[in-house]
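Peer 1: Below is a structure I'd like to ask you about.
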Amino acid sequence: MTGFLTLLYKELLRFWKVGFQTILAPMVSTLLYLLIFLHVLEAHVEVYPGVAYTVFLVPGLVMMAVIQNAFANASSSMIQSKISGNIVFILLSPLSYRAIFFAYILASIVRGLLVGLGVYLVTLVFFDIPLQLPLWALLFVILGSAILGALGLIAGIWADKFDQLAAFQNFIIMPLSFLSGVFYTIHSLPIAWQYLSHLNPFFYMIDGFRYGFFGVSDISPYISLLIVAICLLAISLLAIRMLKAGYKLRY
């Protein structure tokens, strides 16, 4: 376990040393979303009975911050290692590809949780936000950050330069995040868009996480949990397969 713990420590230290950029900056960006929607839509939108729109918005914004930063952590670390050439030191070590995978994923989960916790604690200063089922919320936030960490690892391995990684994030991660029900409940959408929303795996992460706060969700949390678990398994297997084959790493 020494090699695994060393790599994990390196990944944790990598984002912690620049915490102003990797933790504080995403918190500020997320809180700006909340501030804007508070003044624009608070008096005009009601989603769940007895739940103010701003309170409804908080879990979605927290989860969006978590998954985006989990993705950014693994993807940026991998592509920086590839471009700088220091990935060779990891590949030459006696670490197994599974140990490499779990080190990257755990570091991504930690960064995602730190950002999400920071956003949540700040919002508690201004709003009374219920957390009725904390274990459900914790389960979904861990699974969601693990999925995006694995997806970030895949993107970092696949990309040859930062432009490709930025395209992956701008054309896949960002649209899926914004169209996942962060700012609305899917029942407010036309039927066709509701069906399309059910094809978005990010929707199940957001909806399941929000269920932990209010005990109310757009679909059954057990269905969301099943779909999120299947997505995590599939994406993890793909990432491990790419590491094992050395795709764009050894050659």
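Residue numbers start at 1 in each chain; chains themselves are named A, B, ... in the order of the structure tokens; ligands are numbered from 1 in the order shown.
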Could you find all residues in range 21-250 of chain A that DSSP calls alpha helix (DSSP H) from the backbone, and write them as a PyMOL selection string?
Peer 2: chain A and resi 25-41+53-84+87-91+97-126+134-158+162-168+174-178+191-197+201-214+221-245
Peer 1: May I have the residues within 12 Å of Val115 in chain A as a ChimeraX atom specification, using only C-alpha atoms and disregarding those fewer than 2 positions away in the same chain?
Peer 2: /A:15-16,19-31,61-70,73,108-113,117-122,141,145
Peer 1: If you keep N, CA and C atoms, can you produce a file of those selected residues as a tab-separated table (two decimals), in the first residue's frame?
Peer 2:
chain	number	residue	atom	x	y	z
A	15	PHE	N	-3.58	19.54	-5.62
A	15	PHE	CA	-4.63	20.56	-5.64
A	15	PHE	C	-4.66	21.37	-4.35
A	16	TRP	N	-4.18	20.80	-3.23
A	16	TRP	CA	-4.22	21.53	-1.97
A	16	TRP	C	-3.24	22.70	-1.98
A	19	GLY	N	-4.95	25.77	-3.40
A	19	GLY	CA	-6.32	25.73	-2.95
A	19	GLY	C	-7.13	26.96	-3.31
A	20	PHE	N	-6.47	28.10	-3.44
A	20	PHE	CA	-7.19	29.32	-3.83
A	20	PHE	C	-7.83	29.13	-5.20
A	21	GLN	N	-7.14	28.43	-6.08
A	21	GLN	CA	-7.64	28.20	-7.44
A	21	GLN	C	-8.56	26.99	-7.52
A	22	THR	N	-8.21	25.91	-6.80
A	22	THR	CA	-8.93	24.65	-6.96
A	22	THR	C	-10.10	24.48	-6.00
A	23	ILE	N	-10.14	25.23	-4.91
A	23	ILE	CA	-11.22	25.08	-3.93
A	23	ILE	C	-12.00	26.38	-3.75
A	24	LEU	N	-11.30	27.47	-3.48
A	24	LEU	CA	-11.99	28.73	-3.19
A	24	LEU	C	-12.65	29.31	-4.44
A	25	ALA	N	-11.96	29.30	-5.57
A	25	ALA	CA	-12.52	29.88	-6.79
A	25	ALA	C	-13.81	29.19	-7.23
A	26	PRO	N	-13.88	27.84	-7.26
A	26	PRO	CA	-15.17	27.20	-7.60
A	26	PRO	C	-16.28	27.52	-6.61
A	27	MET	N	-15.93	27.68	-5.34
A	27	MET	CA	-16.95	28.05	-4.35
A	27	MET	C	-17.54	29.42	-4.67
A	28	VAL	N	-16.68	30.37	-5.01
A	28	VAL	CA	-17.15	31.72	-5.33
A	28	VAL	C	-18.03	31.70	-6.57
A	29	SER	N	-17.62	30.95	-7.60
A	29	SER	CA	-18.40	30.87	-8.83
A	29	SER	C	-19.79	30.29	-8.56
A	30	THR	N	-19.86	29.25	-7.76
A	30	THR	CA	-21.14	28.63	-7.45
A	30	THR	C	-22.04	29.56	-6.66
A	31	LEU	N	-21.46	30.28	-5.72
A	31	LEU	CA	-22.26	31.22	-4.92
A	31	LEU	C	-22.75	32.39	-5.76
A	61	LEU	N	-26.71	23.12	-6.99
A	61	LEU	CA	-25.46	23.86	-7.18
A	61	LEU	C	-24.30	23.18	-6.45
A	62	VAL	N	-24.57	22.66	-5.26
A	62	VAL	CA	-23.53	21.94	-4.53
A	62	VAL	C	-23.06	20.73	-5.33
A	63	MET	N	-24.02	19.95	-5.85
A	63	MET	CA	-23.66	18.75	-6.60
A	63	MET	C	-22.96	19.11	-7.90
A	64	MET	N	-23.39	20.17	-8.56
A	64	MET	CA	-22.72	20.59	-9.79
A	64	MET	C	-21.28	20.99	-9.52
A	65	ALA	N	-21.05	21.70	-8.43
A	65	ALA	CA	-19.68	22.08	-8.06
A	65	ALA	C	-18.84	20.84	-7.76
A	66	VAL	N	-19.44	19.87	-7.09
A	66	VAL	CA	-18.72	18.64	-6.73
A	66	VAL	C	-18.28	17.90	-7.98
A	67	ILE	N	-19.21	17.65	-8.91
A	67	ILE	CA	-18.88	16.81	-10.06
A	67	ILE	C	-17.94	17.53	-11.02
A	68	GLN	N	-18.11	18.83	-11.19
A	68	GLN	CA	-17.22	19.55	-12.10
A	68	GLN	C	-15.79	19.58	-11.57
A	69	ASN	N	-15.64	19.73	-10.27
A	69	ASN	CA	-14.29	19.77	-9.70
A	69	ASN	C	-13.67	18.39	-9.60
A	70	ALA	N	-14.48	17.36	-9.41
A	70	ALA	CA	-13.95	15.99	-9.44
A	70	ALA	C	-13.41	15.67	-10.82
A	73	ASN	N	-10.15	17.65	-11.46
A	73	ASN	CA	-8.98	17.19	-10.72
A	73	ASN	C	-8.27	16.05	-11.44
A	108	SER	N	-9.90	12.86	-6.47
A	108	SER	CA	-10.98	13.62	-7.09
A	108	SER	C	-12.18	13.71	-6.16
A	109	ILE	N	-12.49	12.61	-5.47
A	109	ILE	CA	-13.60	12.62	-4.52
A	109	ILE	C	-13.33	13.62	-3.40
A	110	VAL	N	-12.12	13.63	-2.88
A	110	VAL	CA	-11.78	14.55	-1.78
A	110	VAL	C	-11.93	16.00	-2.22
A	111	ARG	N	-11.40	16.32	-3.41
A	111	ARG	CA	-11.53	17.70	-3.88
A	111	ARG	C	-12.99	18.07	-4.09
A	112	GLY	N	-13.76	17.19	-4.72
A	112	GLY	CA	-15.17	17.46	-4.93
A	112	GLY	C	-15.91	17.68	-3.62
A	113	LEU	N	-15.64	16.84	-2.63
A	113	LEU	CA	-16.31	16.97	-1.33
A	113	LEU	C	-15.92	18.26	-0.61
A	117	LEU	N	-18.74	20.86	0.27
A	117	LEU	CA	-18.95	21.16	1.68
A	117	LEU	C	-18.79	22.65	1.95
A	118	GLY	N	-17.81	23.25	1.29
A	118	GLY	CA	-17.60	24.69	1.46
A	118	GLY	C	-18.80	25.50	0.99
A	119	VAL	N	-19.35	25.14	-0.18
A	119	VAL	CA	-20.52	25.84	-0.70
A	119	VAL	C	-21.71	25.66	0.23
A	120	TYR	N	-21.91	24.44	0.70
A	120	TYR	CA	-23.04	24.15	1.58
A	120	TYR	C	-22.95	24.92	2.89
A	121	LEU	N	-21.77	24.96	3.49
A	121	LEU	CA	-21.61	25.65	4.77
A	121	LEU	C	-21.83	27.15	4.63
A	122	VAL	N	-21.38	27.71	3.51
A	122	VAL	CA	-21.59	29.15	3.30
A	122	VAL	C	-23.07	29.46	3.13
A	141	VAL	N	-23.33	11.95	-3.40
A	141	VAL	CA	-22.22	12.87	-3.68
A	141	VAL	C	-20.92	12.10	-3.87
A	145	SER	N	-19.10	12.08	-7.55
A	145	SER	CA	-17.72	12.55	-7.70
A	145	SER	C	-16.81	11.43	-8.19
Peer 1: Provide the CA of Leu57 in chain A to CA of Phe183 in chain A distance in Å, to one decimal place.
Peer 2: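 Straight-line distance from CA of Leu57 in chain A to CA of Phe183 in chain A works out to 6.1 Å.
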Peer 1: Using only C-alpha atoms, can you tell me which of A:Val58, A:Val228, A:Ile36, A:Arg241 comes closest to Leu124 in chain A?
Peer 2: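 Among the listed residues, A:Val58 lies closest to Leu124 in chain A.
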Peer 1: With only C-alpha atoms as the basis for distance, which of A:Ile223, A:Ser77, A:Gly212, A:Ser96 is at the shortest distance from Leu135 in chain A?
Peer 2: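 The answer is A:Gly212, which sits nearest to Leu135 in chain A.
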Peer 1: Have a look at A:Ile227, A:Leu249, A:Leu233, A:Val88 and name the one nearest to Phe140 in chain A; count only C-alpha atoms.
Peer 2: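 Result for the nearest residue to Phe140 in chain A: A:Ile227.
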Peer 1: Which residue, A:Gly85, A:Arg98, A:Tyr104, A:Ser197, has the smallest gap to Leu243 in chain A when you use only C-alpha atoms?
Peer 2: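 Distance minimum relative to Leu243 in chain A lands on A:Arg98.
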Peer 1: One decimal, in Å: what's the spacing between CA of Asp160 in chain A and CA of Ala103 in chain A?
Peer 2: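 It comes out at 21.7 Å.
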Peer 1: Which residues, written as a list in words, have at least one atom at most 10 Å from Phe162 in chain A, with only C-alpha atoms counted and residues fewer than 3 positions away on the same chain left out?
Peer 2: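 Surrounding residues, per the criterion: Ser75, Ser76, Ile79, Gln80, Ile83, Gly156, Ala159, Leu165, Ala166, Ala167 and Phe168 of chain A.
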Peer 1: Taking into account only C-alpha atoms, which residue in the set A:Phe202, A:Phe4, A:Phe214, A:Phe126 is nearest to Leu34 in chain A?
Peer 2: A:Phe126
Peer 1: Quick one: distance from CA of Leu196 in chain A to CA of Gly152 in chain A in Å, one decimal?
Peer 2: 23.6 Å
Peer 1: Nearest to Leu148 in chain A: which of A:Pro190, A:Gly246, A:Pro201, A:Pro59 is it, counting only C-alpha atoms?
Peer 2: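 Using only C-alpha atoms, Leu148 in chain A sits closest to A:Pro201.
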Peer 1: For His187 in chain A, work out the shell of residues within 12 Å, counting only C-alpha atoms and skipping chain neighbours fewer than 6 positions away, then give it as a ChimeraX atom specification.
Peer 2: /A:46-48,181,193-195,197-198,217-219
Peer 1: Excluding same-chain residues fewer than 3 positions from range 90-93 of chain A, what lies within 9 Å of it counting only C-alpha atoms, as a list of chain:residue names?
Peer 2: A:Gly3, A:Leu7, A:Asn86, A:Ile87, A:Ser96, A:Tyr97, A:Ile100, A:Gly246, A:Leu249, A:Arg250
